[in-house]
Amino acid sequence: MQIQGQIVDILNKRIFSGEITVENGKISSIIEKEHNVQDFILPGFIDSHIHIESSMLVPSEFAKIAVLHGTVATISDPHEIANVLGKDGVYYMIENGKKVPLKFHFGAPSCVPATFFETAGAVIDSEEIKELMAHPDIYYLAEMMNYPGVLFDDEEVLKKIAWAKHFNKPVDGHAPGLRGEPIKKYISAGISTDHECFSYDEAAEKLSLGMKVIIREGSAAKNFEALIDLLPENFENMMFCSDDKHPDDLIVGHINQLCARAIAKGFDIFKVLQVACVNPVKHYKMDVGLLQENDAADFIVVENLTDFKVKQTYINGELVAENGKSFVQHVDFEKPNNFNTSAKVLNDFKIESSAKTIRVIEALEGQLITNEIHCAPKIVAGNLVSDTENDVLKMAVVNRYSNAEPAIAFIKNFGLKKGAIASSVAHDCHNIVVVGTSDEEILNAVNLIIENTGGICAVNSNEKKSLALPVAGIMSDQNGWEAGRLYQEIDAMAKELGSSLKAPFMTLSFMALLVIPDLKLSDKGLFSGKSFAFTDLEVE
């Protein structure tokens, strides 16, 4: 196969009119040649940190959509399914991903469970990390969220890092807000990346200490604007990622969108493309071509170098997408799950109290972090209830692995005026998380999730919309477009119920994520990220 165009040679920082010859999936030659083809040929885009599960799609279905946007490979942390199914879930993702051309590079989840302050479906200890790190399809130790374990020399945490070093595979970081001496110790343990920087100064400090900073722009957490101005001076040590991307957002775009936004700011094309295409390949030793002779023929054809509209995507020389049509074929897949709780009753969500003040989780638009605020509760017949006037709504987390009493708290900024929304996509352990305007609506939403053995839903009186997620309770058995359509309908209903959040379900999914401060709720109770301990709902 021969293809002509304006060839973007990122490594040598030049663009020239040329022709590429592909034989047996590899680039056999690249020559300069005059012709009239004005399309640009460049290496494919790479998402350098993503949880495929957060797209609510299995890898093979994710691939169908991602290739439309020029994505040829991912660095994928199967942390979500591992919290449900353990290492078997990791192997499930690897095997499903192998059935399609997109080059998934999976890591070994380092924190399963993320903490022992919540109920997960599995545990992956250092011996299982050893087994995973020895596997040829595991490329790195995935994000070390247990940064207190690193700082306080937890033996099990250090063993996991040691096994990554033993197999000469990098260790990903996760250290939101960590600065000064703590971040120096964290890095010295051998941790080389972080995708959790919230501010320019935080990222600059981590870069100065030798860390690689990954600019994240997902469906909930968005750090592009805060960090992008670091790119011109640090382009050799930065990457792009989405971390968590819901199916409707994936349909619209992927890493190509970040490139377009960076170029719109006037940044050098070669620096931007090095961040998007080259740095992940080198850091993770990925099996991905960089548009050089003898490389795998992984490249894309775009109309221009401003909006990066993708005309064609090639992986190993195979045309996998063209002009908005994906050629990635459907493959059959199994639907493993771990969902063992029965329907709830109204009393499960009642919480008797005469408190004058309660701790409330303040959700923040576009952020995973939350604040702890103190509010006067609304009490009816001795039961703490949702206060829609002041937007202090009841929230619950329900253990989905066994029958247990739900944990109850209150949350601000979801804005619901009626109904409830619920999800079994709830990082990291994927119990059921729900926010609602009344105990009755909360009950209805939770039981709909249980009925579907996983999913997301919005309910209001007799109206209900849901997307079932029967694969581990976190992924759909539908194709990406159908899952995206259903998700959009449910998202729209949540906003009709009053939510002002741009991505209410993505925000909801992080309200049980204890490793991101400050105040969160697990199935075992209200948790302070600052003290890293449970705290009381009532303020004394």
# chains A, B, ... in the order shown; residues from 1 in each chain; ligands from 1

$ select_by_dssp --residues "range 79-297 of chain A" --states "strand (DSSP E or B)" --output "PyMOL selection string"
chain A and resi 103-108+112+124+138-144+171-173+191+193-194+212-217+222+238-241+243+296

$ closest_atom_pairs --of "range 265-296 of chain A" --to "range 302-315 of chain A" --cutoff "12 Å" --atoms "only C-alpha atoms" --output "Markdown table"
| residue | atom | partner | partner_atom | distance |
| --- | --- | --- | --- | --- |
| A:Lys265 | CA | A:Thr306 | CA | 10.5 |
| A:Gly266 | CA | A:Thr306 | CA | 10.1 |
| A:Phe267 | CA | A:Thr306 | CA | 10.9 |
| A:Asp268 | CA | A:Leu305 | CA | 10.8 |
| A:Ile269 | CA | A:Leu305 | CA | 7.7 |
| A:Phe270 | CA | A:Leu305 | CA | 10.4 |
| A:Val272 | CA | A:Leu305 | CA | 10.6 |
| A:Leu273 | CA | A:Leu305 | CA | 10.0 |
| A:Asp287 | CA | A:Ile315 | CA | 11.1 |
| A:Val288 | CA | A:Ile315 | CA | 8.8 |
| A:Gly289 | CA | A:Ile315 | CA | 8.9 |
| A:Leu290 | CA | A:Ile315 | CA | 11.4 |
| A:Leu291 | CA | A:Tyr314 | CA | 11.2 |
| A:Asp295 | CA | A:Ile315 | CA | 11.1 |
| A:Ala296 | CA | A:Ile315 | CA | 7.7 |

$ residues_around --residues "range 421-437 of chain A" --least-positions-apart "6" --cutoff "6 Å" --atoms "only C-alpha atoms" --output "list in words"
Asn83, Ala120, Ser386, Lys394, Met395, Ala396, Val397, Val398, Asn399, Arg400, Ala445, Gly454, Gly455, Ile456, Cys457, Ala458, Ile474, Ser509, Phe510 and Leu513 of chain A

$ select_by_dssp --residues "range 212-337 of chain A" --states "helix (DSSP H, G or I)" --output "VMD selection string"
chain A and resid 224 to 237 247 to 252 255 to 264 269 to 284

$ residues_around --residues "Phe299 in chain A" --least-positions-apart "6" --cutoff "6 Å" --atoms "only C-alpha atoms" --output "list in words"
Leu42, Pro43, Gly44 and Tyr314 of chain A

$ atom_distance --atom1 "CA of Ala260 in chain A" --atom2 "CA of Gly177 in chain A"
27.9 Å

$ closest_residue --among "A:Ile351, A:Val539, A:Val8, A:Ala297" --to "Val22 in chain A" --atoms "only C-alpha atoms"
A:Ala297

$ atom_distance --atom1 "CA of Ile358 in chain A" --atom2 "CA of Gly525 in chain A"
13.9 Å

$ decode --residues "range 420-494 of chain A" --atoms "C-alpha atoms" --output "short mmCIF file (atom, residue, chain, number, x, y, z; two decimals), in the first residue's frame"
data_model
loop_
_atom_site.label_atom_id
_atom_site.label_comp_id
_atom_site.auth_asym_id
_atom_site.auth_seq_id
_atom_site.Cartn_x
_atom_site.Cartn_y
_atom_site.Cartn_z
CA ALA A 420 -33.34 11.03 42.05
CA ILE A 421 -30.32 9.81 40.10
CA ALA A 422 -28.26 6.71 40.83
CA SER A 423 -25.32 4.78 39.46
CA SER A 424 -23.26 1.65 40.07
CA VAL A 425 -20.35 3.40 38.37
CA ALA A 426 -18.92 4.77 41.61
CA HIS A 427 -15.17 4.98 41.89
CA ASP A 428 -13.40 3.04 43.11
CA CYS A 429 -15.38 0.11 44.46
CA HIS A 430 -18.49 0.60 42.32
CA ASN A 431 -21.10 0.30 44.97
CA ILE A 432 -24.42 2.03 44.25
CA VAL A 433 -24.39 5.80 44.75
CA VAL A 434 -27.59 7.83 44.74
CA VAL A 435 -28.69 11.44 45.25
CA GLY A 436 -32.38 12.30 45.55
CA THR A 437 -35.01 14.72 46.69
CA SER A 438 -36.92 12.24 48.87
CA ASP A 439 -36.39 8.87 50.50
CA GLU A 440 -39.02 7.38 48.18
CA GLU A 441 -37.23 8.57 45.02
CA ILE A 442 -33.88 7.39 46.39
CA LEU A 443 -35.38 3.95 47.04
CA ASN A 444 -36.85 3.73 43.53
CA ALA A 445 -33.55 4.68 41.90
CA VAL A 446 -31.51 2.20 43.94
CA ASN A 447 -33.89 -0.67 43.26
CA LEU A 448 -33.82 0.05 39.54
CA ILE A 449 -30.03 -0.28 39.58
CA ILE A 450 -30.31 -3.54 41.53
CA GLU A 451 -32.92 -4.85 39.09
CA ASN A 452 -30.52 -4.17 36.18
CA THR A 453 -27.54 -5.67 38.09
CA GLY A 454 -25.74 -2.41 37.47
CA GLY A 455 -26.34 0.76 35.53
CA ILE A 456 -27.22 4.43 35.71
CA CYS A 457 -30.71 5.84 36.04
CA ALA A 458 -32.88 8.87 36.64
CA VAL A 459 -36.32 8.52 38.22
CA ASN A 460 -39.19 10.85 39.02
CA SER A 461 -42.50 9.51 40.25
CA ASN A 462 -43.61 7.06 37.54
CA GLU A 463 -41.01 8.22 35.00
CA LYS A 464 -37.72 6.36 34.78
CA LYS A 465 -34.83 6.14 32.35
CA SER A 466 -31.94 3.71 32.71
CA LEU A 467 -28.87 2.31 30.97
CA ALA A 468 -28.18 -1.24 32.15
CA LEU A 469 -24.50 -2.08 32.71
CA PRO A 470 -24.42 -5.87 33.09
CA VAL A 471 -20.68 -6.26 32.43
CA ALA A 472 -19.23 -6.08 35.95
CA GLY A 473 -22.01 -3.62 36.77
CA ILE A 474 -20.03 -0.86 35.05
CA MET A 475 -20.08 -1.57 31.29
CA SER A 476 -22.86 -1.91 28.74
CA ASP A 477 -23.53 -4.85 26.45
CA GLN A 478 -24.66 -2.34 23.79
CA ASN A 479 -22.60 -0.71 21.06
CA GLY A 480 -21.13 2.68 21.85
CA TRP A 481 -23.64 4.73 19.88
CA GLU A 482 -26.62 3.08 21.56
CA ALA A 483 -25.01 3.40 24.99
CA GLY A 484 -24.22 7.02 24.18
CA ARG A 485 -27.81 7.70 23.10
CA LEU A 486 -29.26 6.19 26.27
CA TYR A 487 -26.73 8.02 28.40
CA GLN A 488 -27.65 11.33 26.77
CA GLU A 489 -31.34 10.71 27.48
CA ILE A 490 -30.66 9.97 31.15
CA ASP A 491 -28.27 12.92 31.43
CA ALA A 492 -30.95 15.19 29.92
CA MET A 493 -33.51 13.87 32.38
CA ALA A 494 -31.18 14.58 35.31
#
